[in-house]
$ cat work-v1.cif   # mmCIF, C-alpha atoms
data_upload
#
loop_
_atom_site.label_atom_id
_atom_site.label_comp_id
_atom_site.auth_asym_id
_atom_site.auth_seq_id
_atom_site.Cartn_x
_atom_site.Cartn_y
_atom_site.Cartn_z
CA MET A 24 -13.15 25.79 -43.45
CA LEU A 25 -14.29 26.57 -39.95
CA SER A 26 -15.17 29.93 -38.46
CA ARG A 27 -14.96 29.64 -34.65
CA LEU A 28 -16.52 32.53 -32.76
CA SER A 29 -16.26 33.18 -29.05
CA PHE A 30 -19.85 33.44 -27.91
CA LEU A 31 -21.60 31.44 -25.21
CA LEU A 32 -23.55 29.22 -27.57
CA PHE A 33 -22.53 26.03 -25.87
CA GLY A 34 -25.33 26.32 -23.30
CA LEU A 35 -27.82 24.73 -25.64
CA CYS A 36 -28.60 21.86 -23.30
CA PHE A 37 -32.20 21.22 -22.44
CA SER A 38 -33.37 21.18 -18.88
CA SER A 39 -33.77 17.72 -17.36
CA ALA A 40 -37.53 18.09 -17.66
CA SER A 41 -37.40 18.37 -21.45
CA LEU A 42 -35.49 15.26 -22.45
CA ALA A 43 -38.63 13.77 -24.02
CA VAL A 44 -38.23 12.80 -27.65
CA PRO A 45 -39.08 15.91 -29.70
CA GLU A 46 -41.91 16.14 -32.22
CA ILE A 47 -40.60 16.60 -35.75
CA GLN A 48 -42.46 18.78 -38.24
CA GLN A 49 -41.69 18.44 -41.95
CA TRP A 50 -42.53 20.35 -45.13
CA LEU A 51 -41.21 21.40 -48.52
CA THR A 52 -40.16 24.90 -49.49
CA GLU A 53 -41.68 26.43 -52.59
CA ASN A 54 -38.69 25.32 -54.66
CA GLY A 55 -38.50 21.80 -53.28
CA ALA A 56 -36.09 21.77 -50.34
CA ARG A 57 -37.06 19.35 -47.57
CA VAL A 58 -37.31 20.99 -44.14
CA TYR A 59 -37.30 19.24 -40.75
CA PHE A 60 -38.15 21.36 -37.72
CA VAL A 61 -38.32 20.91 -33.95
CA GLU A 62 -39.77 23.74 -31.89
CA THR A 63 -38.10 24.33 -28.50
CA HIS A 64 -38.32 27.36 -26.23
CA GLU A 65 -35.93 26.67 -23.36
CA LEU A 66 -33.35 29.14 -24.72
CA PRO A 67 -33.68 32.05 -27.17
CA MET A 68 -31.51 30.31 -29.78
CA VAL A 69 -31.80 28.31 -32.97
CA SER A 70 -29.53 25.75 -34.64
CA ILE A 71 -29.81 25.35 -38.40
CA ALA A 72 -28.08 22.76 -40.56
CA VAL A 73 -28.30 22.57 -44.34
CA ALA A 74 -26.99 19.49 -46.13
CA PHE A 75 -26.54 18.96 -49.85
CA ASP A 76 -25.89 15.65 -51.58
CA ALA A 77 -22.58 17.07 -52.71
CA GLY A 78 -19.87 15.16 -50.87
CA SER A 79 -16.67 13.75 -52.31
CA ALA A 80 -18.61 10.88 -53.91
CA ARG A 81 -19.66 13.56 -56.43
CA ASP A 82 -16.09 14.52 -57.34
CA SER A 83 -15.36 14.13 -61.04
CA ASP A 84 -12.56 11.92 -62.28
CA GLY A 85 -9.25 13.73 -62.26
CA LYS A 86 -10.53 16.47 -59.94
CA LEU A 87 -10.70 14.81 -56.54
CA GLY A 88 -11.11 17.57 -53.98
CA LEU A 89 -13.69 19.54 -55.98
CA ALA A 90 -16.47 19.02 -53.42
CA HIS A 91 -14.16 20.00 -50.57
CA LEU A 92 -12.88 23.16 -52.25
CA THR A 93 -16.42 24.18 -53.20
CA ASN A 94 -17.53 23.77 -49.59
CA ILE A 95 -14.73 25.71 -47.94
CA LEU A 96 -14.67 28.51 -50.51
CA MET A 97 -18.36 29.30 -50.14
CA GLU A 98 -17.59 31.31 -46.99
CA GLU A 99 -14.78 33.22 -48.70
CA GLY A 100 -17.12 35.70 -50.33
CA ALA A 101 -20.83 35.67 -51.14
CA GLY A 102 -23.32 38.19 -52.47
CA ASN A 103 -21.96 41.65 -51.68
CA LEU A 104 -19.78 40.39 -48.83
CA SER A 105 -16.13 39.44 -48.76
CA GLY A 106 -14.92 36.49 -46.74
CA GLU A 107 -13.71 38.87 -44.05
CA GLN A 108 -17.07 40.62 -43.94
CA ILE A 109 -18.87 37.28 -43.57
CA SER A 110 -16.68 36.34 -40.62
CA GLU A 111 -16.92 39.75 -38.98
CA GLY A 112 -20.66 39.94 -39.59
CA MET A 113 -21.26 36.65 -37.79
CA GLU A 114 -18.89 37.53 -34.98
CA SER A 115 -20.45 40.95 -34.40
CA ILE A 116 -23.81 39.38 -33.56
CA GLY A 117 -22.43 36.38 -31.64
CA ALA A 118 -23.45 33.81 -34.25
CA GLN A 119 -21.52 30.66 -35.09
CA PHE A 120 -21.05 29.33 -38.60
CA GLN A 121 -19.24 26.19 -39.68
CA ASN A 122 -19.03 24.02 -42.77
CA ASN A 123 -17.57 20.66 -43.68
CA ASN A 124 -17.96 17.84 -46.16
CA GLY A 125 -17.77 14.06 -46.15
CA ARG A 126 -18.31 11.41 -48.76
CA ASP A 127 -22.10 11.81 -48.86
CA MET A 128 -22.81 15.35 -47.69
CA SER A 129 -21.71 18.94 -47.89
CA ILE A 130 -22.89 20.53 -44.63
CA PHE A 131 -23.37 24.11 -43.43
CA GLU A 132 -24.40 25.01 -39.88
CA LEU A 133 -25.55 28.18 -38.14
CA ARG A 134 -26.25 28.81 -34.45
CA THR A 135 -27.60 32.15 -33.39
CA LEU A 136 -29.79 34.00 -30.94
CA THR A 137 -33.41 34.45 -32.01
CA GLU A 138 -33.59 38.13 -31.04
CA PRO A 139 -35.20 39.55 -34.22
CA ASN A 140 -32.39 41.82 -35.43
CA VAL A 141 -29.68 39.28 -34.67
CA LEU A 142 -31.60 36.45 -36.29
CA ALA A 143 -32.33 38.48 -39.41
CA SER A 144 -28.66 39.44 -39.86
CA ALA A 145 -27.42 35.89 -39.31
CA VAL A 146 -29.94 34.36 -41.73
CA ASN A 147 -29.19 37.00 -44.39
CA ILE A 148 -25.48 36.18 -44.30
CA PHE A 149 -26.09 32.44 -44.15
CA ALA A 150 -28.43 32.60 -47.15
CA ASP A 151 -25.80 34.49 -49.16
CA VAL A 152 -23.18 31.85 -48.37
CA LEU A 153 -25.49 29.04 -49.50
CA THR A 154 -26.89 30.67 -52.62
CA ARG A 155 -24.50 33.38 -53.88
CA PRO A 156 -20.88 32.30 -53.37
CA LYS A 157 -18.33 34.25 -55.41
CA PHE A 158 -15.41 31.77 -55.38
CA PRO A 159 -12.70 34.45 -55.61
CA ASN A 160 -9.52 33.33 -57.36
CA ALA A 161 -7.26 34.66 -54.60
CA ALA A 162 -9.07 32.51 -52.03
CA LEU A 163 -8.93 29.50 -54.33
CA ASP A 164 -5.16 29.88 -54.74
CA ARG A 165 -4.72 30.23 -50.98
CA GLU A 166 -6.87 27.24 -50.09
CA ARG A 167 -5.28 25.12 -52.80
CA GLU A 168 -1.84 25.72 -51.35
CA ARG A 169 -3.07 25.07 -47.82
CA LEU A 170 -4.62 21.79 -48.88
CA LEU A 171 -1.51 20.67 -50.70
CA VAL A 172 0.55 21.34 -47.58
CA ALA A 173 -1.96 19.42 -45.47
CA LEU A 174 -1.91 16.44 -47.84
CA GLU A 175 1.88 16.42 -47.78
CA ARG A 176 1.75 16.43 -43.98
CA GLU A 177 -0.65 13.47 -44.03
CA LYS A 178 2.12 11.38 -45.55
CA GLN A 179 3.92 11.63 -42.21
CA SER A 180 0.89 10.36 -40.28
CA PRO A 181 0.39 6.57 -40.21
CA ARG A 182 -3.15 7.10 -38.92
CA ALA A 183 -4.02 9.23 -41.97
CA LEU A 184 -2.21 6.90 -44.36
CA VAL A 185 -3.98 3.77 -43.16
CA LYS A 186 -7.43 5.39 -43.38
CA ARG A 187 -6.88 6.74 -46.88
CA ALA A 188 -5.47 3.43 -48.11
CA PHE A 189 -8.24 1.43 -46.44
CA TYR A 190 -11.01 3.35 -48.23
CA LYS A 191 -9.15 3.18 -51.52
CA ASN A 192 -8.74 -0.59 -51.31
CA LEU A 193 -12.18 -1.28 -49.86
CA PHE A 194 -14.10 0.81 -52.40
CA ASP A 195 -11.73 0.34 -55.32
CA GLY A 196 -13.32 2.03 -58.34
CA HIS A 197 -16.40 3.23 -56.43
CA PRO A 198 -17.04 6.93 -55.62
CA TYR A 199 -16.72 6.18 -51.87
CA ALA A 200 -13.01 5.65 -52.50
CA ASN A 201 -12.73 9.40 -53.12
CA PRO A 202 -11.10 10.99 -50.05
CA PRO A 203 -13.11 13.96 -48.70
CA THR A 204 -10.07 16.27 -48.82
CA GLY A 205 -9.14 15.21 -52.33
CA GLU A 206 -5.83 14.26 -53.90
CA GLU A 207 -2.92 16.40 -54.95
CA ASP A 208 -3.23 15.95 -58.71
CA GLY A 209 -6.90 16.90 -58.67
CA ILE A 210 -6.48 19.90 -56.39
CA ARG A 211 -3.75 21.33 -58.62
CA VAL A 212 -6.00 21.44 -61.71
CA ILE A 213 -9.30 22.59 -60.17
CA GLY A 214 -10.20 26.08 -61.36
CA ARG A 215 -12.80 28.65 -60.41
CA GLN A 216 -15.18 27.57 -63.20
CA ASP A 217 -15.12 24.01 -61.83
CA LEU A 218 -16.37 25.34 -58.49
CA ILE A 219 -19.11 27.37 -60.17
CA ASN A 220 -20.22 24.37 -62.22
CA PHE A 221 -20.24 22.07 -59.19
CA HIS A 222 -22.30 24.55 -57.20
CA GLN A 223 -24.78 24.99 -60.03
CA GLU A 224 -25.23 21.23 -60.42
CA TYR A 225 -25.47 20.09 -56.80
CA PHE A 226 -26.43 23.15 -54.74
CA VAL A 227 -30.06 23.18 -55.77
CA ALA A 228 -33.14 23.09 -53.58
CA ALA A 229 -34.26 19.58 -54.53
CA ASN A 230 -30.82 18.27 -53.55
CA SER A 231 -30.91 19.78 -50.05
CA VAL A 232 -32.18 19.12 -46.55
CA VAL A 233 -32.76 21.91 -44.02
CA ALA A 234 -32.83 21.02 -40.30
CA MET A 235 -33.94 23.65 -37.79
CA VAL A 236 -34.21 23.38 -34.01
CA GLY A 237 -34.91 26.17 -31.60
CA ASP A 238 -36.98 29.04 -30.29
CA LEU A 239 -39.15 29.62 -33.36
CA ARG A 240 -42.79 29.22 -34.23
CA ARG A 241 -43.77 27.20 -37.28
CA LYS A 242 -44.52 30.27 -39.42
CA GLN A 243 -41.13 31.79 -38.56
CA ALA A 244 -39.38 28.55 -39.42
CA GLU A 245 -41.20 28.38 -42.75
CA ARG A 246 -40.12 31.93 -43.64
CA ILE A 247 -36.51 31.31 -42.66
CA SER A 248 -36.23 28.00 -44.49
CA GLN A 249 -37.67 29.59 -47.62
CA GLN A 250 -35.24 32.51 -47.38
CA LEU A 251 -32.26 30.18 -47.03
CA VAL A 252 -32.91 28.42 -50.34
CA ASP A 253 -35.05 31.00 -52.14
CA ARG A 254 -32.32 32.00 -54.61
CA LEU A 255 -31.43 28.41 -55.45
CA PRO A 256 -32.98 26.85 -58.53
CA ARG A 257 -35.33 23.95 -57.86
CA GLY A 258 -33.10 21.56 -59.78
CA ARG A 259 -33.33 17.87 -59.00
CA ALA A 260 -31.86 15.48 -56.50
CA ALA A 261 -28.52 14.03 -57.44
CA PRO A 262 -28.75 10.50 -58.85
CA ARG A 263 -27.95 7.73 -56.39
CA VAL A 264 -24.34 6.67 -56.30
CA SER A 265 -23.69 3.29 -57.86
CA SER A 266 -24.09 0.24 -55.66
CA VAL A 267 -21.02 -0.78 -53.68
CA PRO A 268 -19.86 -4.14 -55.11
CA GLU A 269 -19.34 -7.23 -52.99
CA LEU A 270 -15.83 -8.33 -52.17
CA THR A 271 -14.97 -11.52 -54.01
CA SER A 272 -11.91 -12.36 -51.91
CA ALA A 273 -9.70 -11.12 -49.09
CA ARG A 274 -7.20 -8.35 -49.86
CA GLU A 275 -4.17 -7.11 -47.96
CA ARG A 276 -2.02 -4.05 -48.42
CA VAL A 277 1.08 -3.40 -46.31
CA ILE A 278 2.61 0.08 -46.42
CA GLU A 279 6.08 0.39 -44.94
CA PHE A 280 6.44 3.29 -42.54
CA PRO A 281 9.34 4.10 -40.18
CA SER A 282 7.53 3.58 -36.90
CA GLN A 283 7.65 1.18 -33.99
CA GLN A 284 3.90 0.59 -34.16
CA SER A 285 1.69 -0.71 -36.92
CA HIS A 286 -1.72 0.80 -37.62
CA LEU A 287 -4.27 -1.73 -38.83
CA LEU A 288 -7.71 -1.32 -40.38
CA MET A 289 -9.66 -4.23 -41.76
CA GLY A 290 -13.22 -4.66 -42.87
CA GLN A 291 -15.64 -4.91 -45.76
CA PRO A 292 -18.66 -3.07 -47.17
CA GLY A 293 -21.33 -2.91 -44.48
CA ILE A 294 -24.78 -1.33 -44.67
CA SER A 295 -26.63 1.72 -45.87
CA ARG A 296 -28.24 4.06 -43.34
CA ALA A 297 -31.73 2.80 -44.15
CA ASP A 298 -30.80 -0.89 -44.09
CA PRO A 299 -33.35 -3.13 -42.31
CA ASP A 300 -30.48 -4.86 -40.49
CA TYR A 301 -29.31 -1.58 -38.96
CA PHE A 302 -30.47 -2.20 -35.39
CA PRO A 303 -29.34 -5.85 -35.01
CA LEU A 304 -25.94 -4.95 -36.46
CA TYR A 305 -25.66 -1.83 -34.31
CA VAL A 306 -26.43 -3.73 -31.11
CA GLY A 307 -24.17 -6.60 -32.14
CA ASN A 308 -21.28 -4.32 -32.95
CA HIS A 309 -21.67 -2.65 -29.56
CA ILE A 310 -20.81 -6.04 -28.08
CA LEU A 311 -18.10 -6.90 -30.60
CA GLY A 312 -16.09 -3.69 -30.60
CA GLY A 313 -18.23 -0.62 -30.01
CA SER A 314 -18.35 -0.45 -26.23
CA GLY A 315 -14.80 0.52 -25.37
CA LEU A 316 -12.73 -1.61 -22.99
CA ILE A 317 -15.54 -4.06 -22.26
CA SER A 318 -16.12 -5.08 -25.89
CA ARG A 319 -14.98 -8.49 -27.04
CA LEU A 320 -12.20 -7.15 -29.24
CA ALA A 321 -10.78 -4.99 -26.44
CA VAL A 322 -10.97 -7.83 -23.91
CA GLU A 323 -9.27 -10.34 -26.19
CA ILE A 324 -6.61 -8.03 -27.62
CA ARG A 325 -5.91 -5.57 -24.80
CA GLU A 326 -7.07 -7.03 -21.50
CA LYS A 327 -6.05 -10.65 -21.96
CA ARG A 328 -2.93 -10.23 -24.07
CA GLY A 329 -1.80 -6.60 -23.89
CA LEU A 330 -1.33 -6.42 -27.65
CA ALA A 331 -2.86 -2.96 -28.14
CA TYR A 332 -4.01 0.02 -26.14
CA SER A 333 -7.35 -0.11 -27.89
CA ALA A 334 -9.18 -2.30 -30.38
CA TYR A 335 -12.55 -1.34 -31.80
CA SER A 336 -15.10 -1.92 -34.53
CA TYR A 337 -17.95 0.04 -36.07
CA PHE A 338 -20.39 0.23 -38.94
CA LEU A 339 -20.46 3.57 -40.79
CA PRO A 340 -23.73 3.49 -42.77
CA MET A 341 -23.95 5.90 -45.70
CA ARG A 342 -26.31 6.54 -48.64
CA ASP A 343 -25.13 3.24 -50.05
CA ARG A 344 -23.14 0.68 -48.07
CA GLY A 345 -20.50 2.30 -45.92
CA PRO A 346 -17.67 0.36 -44.30
CA PHE A 347 -17.63 -2.15 -41.49
CA VAL A 348 -14.29 -1.50 -39.77
CA ILE A 349 -12.07 -3.18 -37.20
CA GLY A 350 -9.08 -1.12 -36.05
CA LEU A 351 -6.12 -1.31 -33.71
CA GLN A 352 -2.53 -0.20 -33.26
CA THR A 353 0.16 -2.57 -32.02
CA ARG A 354 3.94 -3.06 -31.97
CA ASN A 355 5.36 -4.18 -35.30
CA ASP A 356 6.59 -7.47 -33.82
CA GLN A 357 3.12 -8.21 -32.42
CA ARG A 358 0.95 -7.35 -35.39
CA GLU A 359 0.66 -10.89 -36.80
CA ILE A 360 -0.69 -12.27 -33.54
CA ALA A 361 -2.91 -9.19 -33.09
CA VAL A 362 -4.39 -9.72 -36.56
CA LYS A 363 -4.92 -13.40 -35.79
CA ILE A 364 -6.74 -12.63 -32.53
CA ALA A 365 -8.89 -9.95 -34.18
CA ASN A 366 -9.83 -12.31 -37.01
CA GLY A 367 -10.59 -15.13 -34.59
CA THR A 368 -12.70 -12.91 -32.34
CA LEU A 369 -14.74 -11.72 -35.31
CA ALA A 370 -15.17 -15.25 -36.68
CA ARG A 371 -16.40 -16.58 -33.33
CA PHE A 372 -18.86 -13.73 -32.97
CA VAL A 373 -20.22 -14.28 -36.48
CA GLU A 374 -20.54 -18.01 -35.81
CA GLN A 375 -21.98 -17.89 -32.29
CA GLY A 376 -23.57 -14.47 -31.86
CA PRO A 377 -23.83 -12.75 -28.47
CA THR A 378 -24.71 -14.24 -25.13
CA GLU A 379 -27.94 -13.19 -23.44
CA GLU A 380 -25.95 -11.36 -20.76
CA GLU A 381 -23.98 -9.44 -23.38
CA LEU A 382 -27.20 -8.54 -25.17
CA LYS A 383 -28.90 -7.27 -22.01
CA ALA A 384 -25.87 -5.16 -21.08
CA ALA A 385 -25.63 -3.71 -24.59
CA LYS A 386 -29.31 -2.74 -24.69
CA ARG A 387 -29.05 -1.16 -21.26
CA ASN A 388 -25.97 0.81 -22.27
CA ILE A 389 -27.37 2.00 -25.61
CA THR A 390 -30.81 3.02 -24.38
CA GLY A 391 -29.33 4.58 -21.24
CA GLY A 392 -27.16 6.82 -23.42
CA PHE A 393 -29.96 7.82 -25.77
CA PRO A 394 -30.88 11.05 -23.92
CA LEU A 395 -27.35 12.31 -24.66
CA LEU A 396 -28.15 12.11 -28.38
CA ILE A 397 -30.91 14.74 -28.06
CA ASP A 398 -29.76 16.92 -25.17
CA SER A 399 -28.98 20.03 -27.22
CA ASN A 400 -30.40 21.94 -30.15
CA LYS A 401 -27.35 21.09 -32.23
CA LYS A 402 -27.60 17.36 -31.53
CA ILE A 403 -31.27 17.33 -32.45
CA ALA A 404 -30.48 19.27 -35.63
CA ASP A 405 -27.79 16.72 -36.49
CA ASN A 406 -30.34 13.95 -36.00
CA LEU A 407 -32.88 15.77 -38.16
CA MET A 408 -30.28 16.17 -40.89
CA GLN A 409 -29.61 12.40 -40.82
CA ILE A 410 -33.33 11.62 -40.85
CA GLY A 411 -33.93 13.92 -43.80
CA PHE A 412 -30.85 13.10 -45.84
CA TYR A 413 -31.22 9.34 -45.49
CA ASN A 414 -35.03 9.33 -45.73
CA LEU A 415 -35.57 7.77 -42.32
CA PRO A 416 -39.10 7.77 -40.87
CA LEU A 417 -40.22 10.85 -38.95
CA ASN A 418 -40.79 8.72 -35.86
CA TYR A 419 -37.21 7.42 -35.94
CA LEU A 420 -36.24 9.08 -32.65
CA GLN A 421 -39.51 8.08 -30.98
CA GLU A 422 -39.02 4.45 -32.02
CA TYR A 423 -35.28 4.29 -31.36
CA ALA A 424 -35.38 2.76 -27.86
CA ALA A 425 -38.12 0.29 -28.82
CA LYS A 426 -36.12 -0.83 -31.87
CA ILE A 427 -33.08 -1.45 -29.67
CA GLN A 428 -35.11 -3.35 -27.08
CA ALA A 429 -36.68 -5.52 -29.79
CA VAL A 430 -33.30 -6.87 -30.96
CA THR A 431 -32.78 -10.52 -30.03
CA SER A 432 -29.61 -12.58 -29.87
CA ASP A 433 -30.90 -14.66 -32.79
CA ALA A 434 -31.45 -11.49 -34.84
CA VAL A 435 -27.90 -10.32 -34.13
CA ALA A 436 -26.42 -13.70 -35.03
CA ASP A 437 -28.50 -13.93 -38.21
CA ALA A 438 -27.60 -10.40 -39.36
CA PHE A 439 -23.88 -10.90 -38.76
CA ARG A 440 -23.85 -14.27 -40.55
CA ARG A 441 -25.54 -12.74 -43.59
CA ARG A 442 -23.67 -9.44 -43.67
CA VAL A 443 -20.13 -10.10 -42.38
CA ASP A 444 -17.75 -12.66 -43.89
CA PRO A 445 -14.46 -13.05 -41.95
CA ALA A 446 -12.94 -14.82 -44.95
CA ARG A 447 -13.39 -11.78 -47.20
CA LEU A 448 -11.84 -8.80 -45.46
CA VAL A 449 -9.77 -5.93 -46.79
CA ARG A 450 -6.79 -5.49 -44.48
CA VAL A 451 -4.46 -2.48 -44.60
CA ILE A 452 -1.39 -2.20 -42.38
CA VAL A 453 0.90 0.83 -42.08
CA GLY A 454 4.02 0.28 -40.01
CA GLY A 455 7.66 -0.75 -39.76
CA ASN A 456 9.21 -4.07 -40.64
CA ASN A 457 7.93 -6.73 -38.26
CA GLY A 458 10.77 -9.12 -38.81
#

$ encode --input "work-v1.cif" --output "structure tokens"
Amino acid sequence: MLSRLSFLLFGLCFSSASLAVPEIQQWLTENGARVYFVETHELPMVSIAVAFDAGSARDSDGKLGLAHLTNILMEEGAGNLSGEQISEGMESIGAQFQNNNGRDMSIFELRTLTEPNVLASAVNIFADVLTRPKFPNAALDRERERLLVALEREKQSPRALVKRAFYKNLFDGHPYANPPTGEEDGIRVIGRQDLINFHQEYFVAANSVVAMVGDLRRKQAERISQQLVDRLPRGRAAPRVSSVPELTSARERVIEFPSQQSHLLMGQPGISRADPDYFPLYVGNHILGGSGLISRLAVEIREKRGLAYSAYSYFLPMRDRGPFVIGLQTRNDQREIAVKIANGTLARFVEQGPTEEELKAAKRNITGGFPLLIDSNKKIADNLMQIGFYNLPLNYLQEYAAKIQAVTSDAVADAFRRRVDPARLVRVIVGGNNG
């Protein structure tokens, strides 16, 4: 899935003088791909990310793992190149290529020098991978077996088990329940034609976002973005996934596992990436469980009572409502009290909201860390990809700090009361007998 090449491409950091929020340019290619571009000239490099709405939420019934196999096999042969030639071609010019998929997106990334011959070679190979994959049967058989071994190994990992079970129980019957790496029964029956069909349906220009950041002029960026998707049909954007249903009651699932510790995840459907409550919930969660050892959950569970090494919470916004999650690991004989404290801490926060001191500290921490979100070409490209894929406003990065500063304690309390119900949580525990 990942090609890791040993070239010094990690020096993509901007100088301290250039940490200003970048200007984003946006356009459509001739066949309908959306392009987001930031021009920077500190280093002779460019980072490119291409995302398709082709994550595991698009897997068909009975073939869970189709999106994942399509993604990883696209670099195993494309155009006139074998998988080995793709890898060697990138390595010979010091370029980096990587690909991965989640529930919403199938993502492909390229980082390369902008020296003309190097850039041309890297873009040619990258375009072949995106538009002309061959899906060789030998590679499919190899990757299928590797995935089946990995899924079998996951059964020995309580961390992997609890995450998989949590999503399955939280999104029961919804496409977000589909695990990104698939399931054994589906992987066994996926054939080459399934990969071809999936690529033809979802890897089309109108279903893609291209993010580019680096040492290019606008005209160069336009030519490159067009070349990357030129051989893709226009197609149309994938239909929106169905709405995530509300939980009607609390649910609990306990999975016995021979370990001294229990792994716990609990939560409920949260928000989409474009939700108007995003900033109040983000700031509020920073106080509740998103700020490490000083968050309320960590103080109550770890610092005061020593029940867990860490306790945390987060919102994971997606195209539709992603999960709101609280997590911790604790000894089997302590898990009931740990669950009780976590529930009580959440309930009090929902009822009372944050203090003014907590709010000030959270805003200071979040805005103070903002420059780290845009201190490299790759990080900016990742942000552009999120902005494009989730249809966020072009001034999102420019307005980020102001949006954080505008959050009030009343707004946090109101958003949490409307969006989080401590009485309706899915709770999944993987661990040994606590008796």

$ closest_residue --input "work-v1.cif" --among "A:Asn456, A:Gln243, A:Asn54, A:Gln119" --to "Ala228 (chain A)" --atoms "only C-alpha atoms"
A:Asn54

$ atom_distance --input "work-v1.cif" --atom1 "CA of Met289 (chain A)" --atom2 "CA of Ala77 (chain A)"
27.2 Å

$ atom_distance --input "work-v1.cif" --atom1 "CA of Gly117 (chain A)" --atom2 "CA of Met235 (chain A)"
18.2 Å

$ resolve_selection --input "work-v1.cif" --expression "the PyMOL selection byres ((chain A and resi 305-320) around 9)" --output "number ranges by chain"
A: 300-304, 321-326, 333-338, 349, 364-365, 368-369, 372, 376-377, 381-382, 384-386, 388-389, 427, 430, 432, 435-436, 438-439

$ write_last_selection --input "work-v1.cif" --atoms "C-alpha atoms" --output "PDB file, in the frame of the given file"
ATOM      1  CA  ASP A 300     -30.480  -4.860 -40.490  1.00  0.00           C
ATOM      2  CA  TYR A 301     -29.310  -1.580 -38.960  1.00  0.00           C
ATOM      3  CA  PHE A 302     -30.470  -2.200 -35.390  1.00  0.00           C
ATOM      4  CA  PRO A 303     -29.340  -5.850 -35.010  1.00  0.00           C
ATOM      5  CA  LEU A 304     -25.940  -4.950 -36.460  1.00  0.00           C
ATOM      6  CA  ALA A 321     -10.780  -4.990 -26.440  1.00  0.00           C
ATOM      7  CA  VAL A 322     -10.970  -7.830 -23.910  1.00  0.00           C
ATOM      8  CA  GLU A 323      -9.270 -10.340 -26.190  1.00  0.00           C
ATOM      9  CA  ILE A 324      -6.610  -8.030 -27.620  1.00  0.00           C
ATOM     10  CA  ARG A 325      -5.910  -5.570 -24.800  1.00  0.00           C
ATOM     11  CA  GLU A 326      -7.070  -7.030 -21.500  1.00  0.00           C
ATOM     12  CA  SER A 333      -7.350  -0.110 -27.890  1.00  0.00           C
ATOM     13  CA  ALA A 334      -9.180  -2.300 -30.380  1.00  0.00           C
ATOM     14  CA  TYR A 335     -12.550  -1.340 -31.800  1.00  0.00           C
ATOM     15  CA  SER A 336     -15.100  -1.920 -34.530  1.00  0.00           C
ATOM     16  CA  TYR A 337     -17.950   0.040 -36.070  1.00  0.00           C
ATOM     17  CA  PHE A 338     -20.390   0.230 -38.940  1.00  0.00           C
ATOM     18  CA  ILE A 349     -12.070  -3.180 -37.200  1.00  0.00           C
ATOM     19  CA  ILE A 364      -6.740 -12.630 -32.530  1.00  0.00           C
ATOM     20  CA  ALA A 365      -8.890  -9.950 -34.180  1.00  0.00           C
ATOM     21  CA  THR A 368     -12.700 -12.910 -32.340  1.00  0.00           C
ATOM     22  CA  LEU A 369     -14.740 -11.720 -35.310  1.00  0.00           C
ATOM     23  CA  PHE A 372     -18.860 -13.730 -32.970  1.00  0.00           C
ATOM     24  CA  GLY A 376     -23.570 -14.470 -31.860  1.00  0.00           C
ATOM     25  CA  PRO A 377     -23.830 -12.750 -28.470  1.00  0.00           C
ATOM     26  CA  GLU A 381     -23.980  -9.440 -23.380  1.00  0.00           C
ATOM     27  CA  LEU A 382     -27.200  -8.540 -25.170  1.00  0.00           C
ATOM     28  CA  ALA A 384     -25.870  -5.160 -21.080  1.00  0.00           C
ATOM     29  CA  ALA A 385     -25.630  -3.710 -24.590  1.00  0.00           C
ATOM     30  CA  LYS A 386     -29.310  -2.740 -24.690  1.00  0.00           C
ATOM     31  CA  ASN A 388     -25.970   0.810 -22.270  1.00  0.00           C
ATOM     32  CA  ILE A 389     -27.370   2.000 -25.610  1.00  0.00           C
ATOM     33  CA  ILE A 427     -33.080  -1.450 -29.670  1.00  0.00           C
ATOM     34  CA  VAL A 430     -33.300  -6.870 -30.960  1.00  0.00           C
ATOM     35  CA  SER A 432     -29.610 -12.580 -29.870  1.00  0.00           C
ATOM     36  CA  VAL A 435     -27.900 -10.320 -34.130  1.00  0.00           C
ATOM     37  CA  ALA A 436     -26.420 -13.700 -35.030  1.00  0.00           C
ATOM     38  CA  ALA A 438     -27.600 -10.400 -39.360  1.00  0.00           C
ATOM     39  CA  PHE A 439     -23.880 -10.900 -38.760  1.00  0.00           C
TER      40      PHE A 439
END

$ resolve_selection --input "work-v1.cif" --expression "the PyMOL selection byres ((chain A and resi 417) around 10)" --output "ChimeraX atom specification"
/A:46-49,59,407,410-411,414-416,418-422

$ atom_distance --input "work-v1.cif" --atom1 "CA of Ala244 (chain A)" --atom2 "CA of Tyr225 (chain A)"
23.8 Å

$ resolve_selection --input "work-v1.cif" --expression "the PyMOL selection byres ((chain A and resi 159) around 9)" --output "VMD selection string"
chain A and resid 96 99 to 100 156 to 158 160 to 164 215

$ residues_around --input "work-v1.cif" --residues "Pro340 (chain A)" --least-positions-apart "6" --cutoff "6 Å" --atoms "only C-alpha atoms" --output "PyMOL selection string"
chain A and resi 294-296

$ residues_around --input "work-v1.cif" --residues "Val451 (chain A)" --least-positions-apart "2" --cutoff "7 Å" --atoms "only C-alpha atoms" --output "short mmCIF file (atom, residue, chain, number, x, y, z; two decimals) with C-alpha atoms, in the coordinates of the input"
data_model
loop_
_atom_site.label_atom_id
_atom_site.label_comp_id
_atom_site.auth_asym_id
_atom_site.auth_seq_id
_atom_site.Cartn_x
_atom_site.Cartn_y
_atom_site.Cartn_z
CA VAL A 185 -3.98 3.77 -43.16
CA ALA A 188 -5.47 3.43 -48.11
CA PHE A 189 -8.24 1.43 -46.44
CA GLU A 275 -4.17 -7.11 -47.96
CA ARG A 276 -2.02 -4.05 -48.42
CA VAL A 277 1.08 -3.40 -46.31
CA LEU A 287 -4.27 -1.73 -38.83
CA LEU A 288 -7.71 -1.32 -40.38
CA MET A 289 -9.66 -4.23 -41.76
CA VAL A 449 -9.77 -5.93 -46.79
CA VAL A 453 0.90 0.83 -42.08
#
